[in-house]
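Student: The structure is given below, and queries will be raised subsequently.
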Amino acid sequence: MHTIRRAAIVLVLFGAIGQSPVAQVDGARVTAADYQRASGLREKYLALAPHVVDPATFIDRTNFFWYRRSVKGGHEFVMVDAATQAKTPAFDHDKLAQQLSKVIGKPYTGITLPFGMFVFADNETTIAMTIDGGRWKCRLADYVCFKNDAPVGPAANTRPRQSPDGKWEALINNYNIAIRAVGAKTIEFLSTDGSEGNAYSLASIRWSPDSKRIAAFRVRPGYHREVHYVESSPEDQLQPKSSSLTYAKPGDVLDLNQPAIFRVDTKSEFELDNGLFPNPYSLSQLVWRKDGRTLTFEYNQRGHQVYRVIEADAATGKTRAVISEEPKTFFNYRAATGDLADSGKKYRHDVDDGREIIWMSERDGWNHLYMYDGSTGKVKHQITKGEWVVRSVVKVDDEAKQIWFSASGMYPGKDPYFLNYYRINFDGTGLTRLTDADANHTVAFSFDMRYFVDLHSRVDEAPVLELRRTNDHGLVAEIERADISGLPAAGWRAPEVFVAKGRDAKTDIWGVIVKPSSFDPSRKYPVIENIYAGPQGSFVQKSFLAYHPMMAQADLGFIVVQIDGMGTSNRSKAFHDVAWQNLGDAGLPDRIAWHKAAAAKYPWYDITRVGIYGTSAGGQSSLGALLFHPEFYKAAVSAAGCHDNRMDKIWWNEQWMGWPIGPQYAAASNVDNAHTLQGELLLVVGEMDTNVDPSSTMQVVNQLIKHNKDFDLLYIPGAGHGSGGVYGEHKRFDFFVRHLLGVEPPKWNGDGMSRTDEQ
């Protein structure tokens, strides 16, 4: 009986919701024409914003750069000579479109090419790009295009490792390390303790610079968990397909790497004492110093509360911690390099073969750069300091003893998330700001650092692309300025930046408010929050967009907002630490305070009708808003949610929730707390989601059914990670129209309603 009852309930959940004729409640009315207007905003607005540009890219060791800009009906790619500022097409767009159309079988034109990024390759004779998940190359001489699927990575790891002097090569034989003279067949074993369950790794082998020693890892395998899938409706056959994916989850036993050093002449081996790295989540690759006397590696302890740079003496195997980060919460170990670096706060640069080390740390409460003495392991001095954060290191110039980096939050009263770029000397003097405008900046530097291209904009200010000199950051030329003069007449409204105090009544919380194109200040509008609260970054829009998907949702009669609450990144360490072992918090108390401040200022902001939606970690947070704050949030659409952090990927969840698994995981779990559901809920999940285990959503469903809760479920055959595409967006629109506006949305079937925008 239990199985039959459950099946019956699921059938009701999947059944069509009653579609009554359009009703009118409290002045709200939503018609098919409203949906058509909302779905047409993207095409309409983009057509009215020519020359909106993407960030520029310099071409290898040249002073040429390229960028993509919008034109009527699509985009084009432009090349610029920084020395002369001459502009030319980056390639022949029409020829490339013709060739891609032939080989891919889809119609393209010169302004509708199926990629937004590419790379010049093979000495600028080809361009390489990704199209629909496949890698392609096209020759610029004749525009012949071909699949670029040559194997990378694992294939290279099957070849023996040759010594720097060219006399020897190292290989794995019977799970052990062996060497042989180059060209010879006879091998000599350096190890004998390798086995199937504890084998040496060929990929880890590193020769010392003098070819006298080898360092390598012996690897004891952990538990290789698999997530299993059934694709119910494959396109190439009638019957379902099954597959599996290796997918480590929090708490799983991991592979254990044990480093060892071998002397080639004596065929002797010693393992390094693991006293300084007893419980690794990971060990980085082994790197020899140039003099061959020592090697280094980085130790990330399970739980991410200890991170060390370890040096090992090649003659004795003795180890020491050159740097040891031991925060009370988490060390954000992912690399902080590149343009935005929202993925982490770790940076290391060895100066003069490790005699000094530039290191990134939040030890004073803000993310900054420090200079270490590599011999003593002591901090020589702090390079950057202040109540602001270094966001990424772009370049270290050892000869000039200068660092080029991006940072945010340096200017009181300004948006603390705006990226600016700077140069500073190793000793902390000479801090120089390179970007001037009060806006969000993305910068590309030429290889010799003579020039940089600065793209800057705000949500309410059109993008400008400028070429500047780095020696005095003087303007060489304005390359592009977007024309957005036609947008306001079409009903376009820039998102409004709004700032309010958070839960502590002290900290500024920043967000944006998106209004419908037909906004009437005399009306009361229900509010929908678009949430993503992942601690790896900050997410509120800072740069200009002619169209944002929130605009389409708003145009059906809502105020749509996005907020960065506590627990997200790019502010102080204390701001970020709110997420520690507490992902269920999601900054929701700050968000609620922000909503209340907006309602106090704006009479049209109705916080008696607040909904929320999000995908992935946002899916967890949107459902969490209903479960943990039912007094405030009334309706939620939760897509592809990692609803229980024990069910999701290990690297993301142990980073923020810690290890070992403890009661904090259950406290934050939407599965364990599903029985408290009070508001209206739509769950969306794709059956082939390889990012978040789809079972995470289905376990929520199971608990809701067990506790006789009313909810909606959209289960999408064949879909991967996401919010359900066009269909999922339409269902979200309907859900909020029904539950926040209080009216029935227009019928889908038989009335000619078109599809909404692809997201």
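Just so we're on the same page: first chain in the structure tokens is A, next is B, and so on; residues restart at 1 for each chain, and ligands are numbered from 1 in the order they show up.
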Would you list the contacts of Gly511 (chain A) as number ranges by chain, taking every protein, DNA or RNA residue within 7 Å and counting only C-alpha atoms, but skipping same-chain residues closer than 6 positions in sequence?
Tutor: A: 497-499, 540, 562-564
Student: May I have the selected residues written with N, CA and C atoms, as an mmCIF file, in the first residue's frame?
Tutor:
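Dumped to selection.cif:
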```cif
data_model
loop_
_atom_site.group_PDB
_atom_site.id
_atom_site.type_symbol
_atom_site.label_atom_id
_atom_site.label_comp_id
_atom_site.auth_asym_id
_atom_site.auth_seq_id
_atom_site.Cartn_x
_atom_site.Cartn_y
_atom_site.Cartn_z
ATOM 1 N N VAL A 497 21.080 50.327 -8.075
ATOM 2 C CA VAL A 497 21.942 49.867 -6.985
ATOM 3 C C VAL A 497 21.327 50.307 -5.657
ATOM 4 N N PHE A 498 21.194 49.364 -4.738
ATOM 5 C CA PHE A 498 20.615 49.670 -3.431
ATOM 6 C C PHE A 498 21.517 49.093 -2.348
ATOM 7 N N VAL A 499 21.759 49.884 -1.301
ATOM 8 C CA VAL A 499 22.629 49.489 -0.195
ATOM 9 C C VAL A 499 21.864 49.636 1.113
ATOM 10 N N VAL A 540 26.329 39.734 -7.561
ATOM 11 C CA VAL A 540 25.464 40.809 -8.033
ATOM 12 C C VAL A 540 26.113 41.482 -9.234
ATOM 13 N N GLN A 562 18.680 41.191 -6.682
ATOM 14 C CA GLN A 562 19.808 40.286 -6.435
ATOM 15 C C GLN A 562 20.685 40.936 -5.381
ATOM 16 N N ILE A 563 21.178 40.135 -4.421
ATOM 17 C CA ILE A 563 21.855 40.656 -3.237
ATOM 18 C C ILE A 563 23.067 39.779 -2.928
ATOM 19 N N ASP A 564 24.158 40.401 -2.479
ATOM 20 C CA ASP A 564 25.295 39.655 -1.933
ATOM 21 C C ASP A 564 25.281 39.787 -0.419
#
```
Student: Please report, as JSON lines, each residue of region 174-292 of chain A lying at most 12 Å from region 648-659 of chain A, together with the nearest pair of atoms and the separation in Å rounded to one decimal; use only C-alpha atoms, and order rows by chain and ascending residue number.
Tutor:
```
{"residue": "A:His224", "atom": "CA", "partner": "A:Ile650", "partner_atom": "CA", "distance": 11.9}
{"residue": "A:Arg225", "atom": "CA", "partner": "A:Lys649", "partner_atom": "CA", "distance": 10.8}
{"residue": "A:Glu226", "atom": "CA", "partner": "A:Lys649", "partner_atom": "CA", "distance": 11.5}
{"residue": "A:Val227", "atom": "CA", "partner": "A:Asp648", "partner_atom": "CA", "distance": 10.5}
{"residue": "A:Leu245", "atom": "CA", "partner": "A:Lys649", "partner_atom": "CA", "distance": 11.8}
{"residue": "A:Thr246", "atom": "CA", "partner": "A:Lys649", "partner_atom": "CA", "distance": 10.5}
{"residue": "A:Tyr247", "atom": "CA", "partner": "A:Lys649", "partner_atom": "CA", "distance": 6.8}
{"residue": "A:Ala248", "atom": "CA", "partner": "A:Ile650", "partner_atom": "CA", "distance": 5.6}
{"residue": "A:Lys249", "atom": "CA", "partner": "A:Ile650", "partner_atom": "CA", "distance": 4.2}
{"residue": "A:Pro250", "atom": "CA", "partner": "A:Ile650", "partner_atom": "CA", "distance": 4.5}
{"residue": "A:Gly251", "atom": "CA", "partner": "A:Trp659", "partner_atom": "CA", "distance": 7.1}
{"residue": "A:Asp252", "atom": "CA", "partner": "A:Ile650", "partner_atom": "CA", "distance": 8.0}
{"residue": "A:Val253", "atom": "CA", "partner": "A:Ile650", "partner_atom": "CA", "distance": 10.6}
{"residue": "A:Leu254", "atom": "CA", "partner": "A:Ile650", "partner_atom": "CA", "distance": 10.0}
{"residue": "A:Asn279", "atom": "CA", "partner": "A:Trp659", "partner_atom": "CA", "distance": 11.1}
{"residue": "A:Pro280", "atom": "CA", "partner": "A:Trp659", "partner_atom": "CA", "distance": 11.6}
{"residue": "A:Tyr281", "atom": "CA", "partner": "A:Trp651", "partner_atom": "CA", "distance": 9.1}
{"residue": "A:Ser282", "atom": "CA", "partner": "A:Trp651", "partner_atom": "CA", "distance": 10.4}
```
Student: Restricted to N, CA and C atoms, what would the selected residues look like written as a PDB file, in the first residue's frame?
Tutor:
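Output file selection39.pdb is given in full below:
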```
ATOM      1  N   HIS A 224      36.496   5.185  -4.601  1.00  0.00           N
ATOM      2  CA  HIS A 224      36.101   5.874  -5.827  1.00  0.00           C
ATOM      3  C   HIS A 224      34.594   5.697  -6.037  1.00  0.00           C
ATOM      4  N   ARG A 225      33.856   6.617  -5.428  1.00  0.00           N
ATOM      5  CA  ARG A 225      32.399   6.560  -5.488  1.00  0.00           C
ATOM      6  C   ARG A 225      31.907   6.795  -6.914  1.00  0.00           C
ATOM      7  N   GLU A 226      30.804   6.159  -7.247  1.00  0.00           N
ATOM      8  CA  GLU A 226      30.158   6.395  -8.534  1.00  0.00           C
ATOM      9  C   GLU A 226      28.724   6.875  -8.328  1.00  0.00           C
ATOM     10  N   VAL A 227      28.320   7.839  -9.135  1.00  0.00           N
ATOM     11  CA  VAL A 227      26.921   8.251  -9.211  1.00  0.00           C
ATOM     12  C   VAL A 227      26.344   7.623 -10.472  1.00  0.00           C
ATOM     13  N   LEU A 245      29.297   7.845 -13.175  1.00  0.00           N
ATOM     14  CA  LEU A 245      30.292   8.909 -13.128  1.00  0.00           C
ATOM     15  C   LEU A 245      31.041   8.816 -11.810  1.00  0.00           C
ATOM     16  N   THR A 246      32.383   8.835 -11.863  1.00  0.00           N
ATOM     17  CA  THR A 246      33.168   8.878 -10.636  1.00  0.00           C
ATOM     18  C   THR A 246      32.992  10.242  -9.993  1.00  0.00           C
ATOM     19  N   TYR A 247      32.624  10.256  -8.714  1.00  0.00           N
ATOM     20  CA  TYR A 247      32.153  11.493  -8.088  1.00  0.00           C
ATOM     21  C   TYR A 247      32.373  11.393  -6.583  1.00  0.00           C
ATOM     22  N   ALA A 248      33.448  11.984  -6.087  1.00  0.00           N
ATOM     23  CA  ALA A 248      33.735  11.934  -4.651  1.00  0.00           C
ATOM     24  C   ALA A 248      32.815  12.883  -3.897  1.00  0.00           C
ATOM     25  N   LYS A 249      32.343  12.429  -2.741  1.00  0.00           N
ATOM     26  CA  LYS A 249      31.450  13.224  -1.904  1.00  0.00           C
ATOM     27  C   LYS A 249      32.080  13.443  -0.529  1.00  0.00           C
ATOM     28  N   PRO A 250      31.602  14.443   0.213  1.00  0.00           N
ATOM     29  CA  PRO A 250      32.164  14.717   1.532  1.00  0.00           C
ATOM     30  C   PRO A 250      32.212  13.464   2.404  1.00  0.00           C
ATOM     31  N   GLY A 251      33.340  13.309   3.089  1.00  0.00           N
ATOM     32  CA  GLY A 251      33.529  12.158   3.970  1.00  0.00           C
ATOM     33  C   GLY A 251      34.165  10.964   3.308  1.00  0.00           C
ATOM     34  N   ASP A 252      34.203  10.914   1.987  1.00  0.00           N
ATOM     35  CA  ASP A 252      34.788   9.767   1.298  1.00  0.00           C
ATOM     36  C   ASP A 252      36.284   9.653   1.594  1.00  0.00           C
ATOM     37  N   VAL A 253      36.776   8.423   1.603  1.00  0.00           N
ATOM     38  CA  VAL A 253      38.209   8.177   1.763  1.00  0.00           C
ATOM     39  C   VAL A 253      38.897   8.524   0.440  1.00  0.00           C
ATOM     40  N   LEU A 254      39.915   9.366   0.510  1.00  0.00           N
ATOM     41  CA  LEU A 254      40.581   9.860  -0.688  1.00  0.00           C
ATOM     42  C   LEU A 254      41.873   9.111  -0.959  1.00  0.00           C
ATOM     43  N   ASN A 279      47.437  14.394   7.132  1.00  0.00           N
ATOM     44  CA  ASN A 279      46.055  14.095   6.746  1.00  0.00           C
ATOM     45  C   ASN A 279      45.686  14.923   5.517  1.00  0.00           C
ATOM     46  N   PRO A 280      46.264  14.597   4.376  1.00  0.00           N
ATOM     47  CA  PRO A 280      46.084  15.476   3.215  1.00  0.00           C
ATOM     48  C   PRO A 280      44.734  15.319   2.533  1.00  0.00           C
ATOM     49  N   TYR A 281      44.117  16.463   2.241  1.00  0.00           N
ATOM     50  CA  TYR A 281      43.075  16.473   1.212  1.00  0.00           C
ATOM     51  C   TYR A 281      43.763  16.379  -0.140  1.00  0.00           C
ATOM     52  N   SER A 282      44.885  17.093  -0.264  1.00  0.00           N
ATOM     53  CA  SER A 282      45.677  17.011  -1.490  1.00  0.00           C
ATOM     54  C   SER A 282      47.096  17.456  -1.201  1.00  0.00           C
TER      55      SER A 282
END
```
Student: For region 603-620 of chain A, list every protein, DNA or RNA residue within 9 Å, evaluated using only C-alpha atoms, and leave out those in the same chain fewer than 4 positions away; present the list as a VMD selection string.
Tutor: chain A and resid 520 to 534 559 583 to 584 586 595 to 596 598 to 599 624 to 626 632 to 644 669 to 670 683 to 684 691 to 692 721 to 723 732 736 739 to 741
Student: Going by DSSP on the backbone, which bits of region 250-296 of chain A are strand (DSSP E or B)? Write them as a count of residues only, please.
Tutor: 21
Student: Using only C-alpha atoms, tabulate the residues of region 422-471 of chain A lying at most 10 Å from any atom of region 53-72 of chain A, each with its closest atom pair and that distance in Å to one decimal, by chain and increasing residue number, as CSV.
Tutor:
```
residue,atom,partner,partner_atom,distance
A:His441,CA,A:Pro55,CA,9.4
A:Thr442,CA,A:Pro55,CA,6.5
A:Val443,CA,A:Pro55,CA,7.3
A:Ala444,CA,A:Thr57,CA,6.2
A:Phe445,CA,A:Phe58,CA,7.0
A:Ser446,CA,A:Phe58,CA,5.9
A:Phe447,CA,A:Arg61,CA,5.5
A:Asp448,CA,A:Arg61,CA,7.8
A:Met449,CA,A:Asn63,CA,9.6
A:Arg450,CA,A:Asn63,CA,8.6
A:Tyr451,CA,A:Asn63,CA,7.9
A:Phe452,CA,A:Phe58,CA,9.0
A:Val453,CA,A:Ala56,CA,6.6
A:Asp454,CA,A:Pro55,CA,8.0
A:Leu455,CA,A:Pro55,CA,6.1
A:His456,CA,A:Pro55,CA,9.2
A:Ala462,CA,A:Val53,CA,9.8
A:Pro463,CA,A:Val53,CA,7.0
A:Val464,CA,A:Val53,CA,8.0
A:Leu465,CA,A:Val53,CA,7.5
A:Glu466,CA,A:Ala56,CA,10.0
```
Student: CA of Glu298 (chain A) and CA of Leu276 (chain A), how far apart in Å?
Tutor: 10.7 Å
Student: Nearest to Glu729 (chain A) among A:Gly110, A:Pro549, A:Pro327, A:Gly413, with distances taken over only C-alpha atoms: which residue is it?
Tutor: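 Ranking A:Gly110, A:Pro549, A:Pro327, A:Gly413 by distance to Glu729 (chain A), first place goes to A:Pro549.
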Student: Which is closer to Phe711 (chain A) than all the others in A:Ser242, A:Gln678, A:Thr432, A:Ser621, using only C-alpha atoms?
Tutor: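 Closest to Phe711 (chain A) of all the choices is A:Gln678.
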Student: Using only C-alpha atoms for the distances, tell me which of A:Met698, A:Met647, A:Ala674, A:Ala552 is nearest to Tyr35 (chain A).
Tutor: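 Of the candidates, the smallest distance to Tyr35 (chain A) is held by A:Ala552.
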Student: Do you know which residues are at most 9 Å from Leu677 (chain A) counting only C-alpha atoms, after dropping those on the same chain fewer than 3 positions away, and could you put them as a list in words?
Tutor: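 Once the nearby chain positions are removed, what remains is Leu623, Leu626, Leu627, Phe628, Pro630, Asn673, Ala674, Glu680, Leu681, Leu704, Lys709 and Asp710 of chain A.
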Student: How close does region 515-612 of chain A get to region 385-408 of chain A? List, as CSV, each residue of region 515-612 of chain A within 8 Å, its nearest atom pair and the distance in Å to one decimal, counting only C-alpha atoms.
Tutor:
```
residue,atom,partner,partner_atom,distance
A:Asn570,CA,A:Val389,CA,6.7
A:Arg571,CA,A:Val389,CA,6.7
A:Ser572,CA,A:Val389,CA,7.3
```
Student: Got time to write the residues from that selection, C-alpha atoms, as an mmCIF file, in the first residue's frame?
Tutor:
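Output file again35.cif follows:
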```cif
data_model
loop_
_atom_site.group_PDB
_atom_site.id
_atom_site.type_symbol
_atom_site.label_atom_id
_atom_site.label_comp_id
_atom_site.auth_asym_id
_atom_site.auth_seq_id
_atom_site.Cartn_x
_atom_site.Cartn_y
_atom_site.Cartn_z
ATOM 1 C CA ASN A 570 35.356 39.583 -1.888
ATOM 2 C CA ARG A 571 34.815 41.448 1.372
ATOM 3 C CA SER A 572 36.513 41.002 4.755
#
```
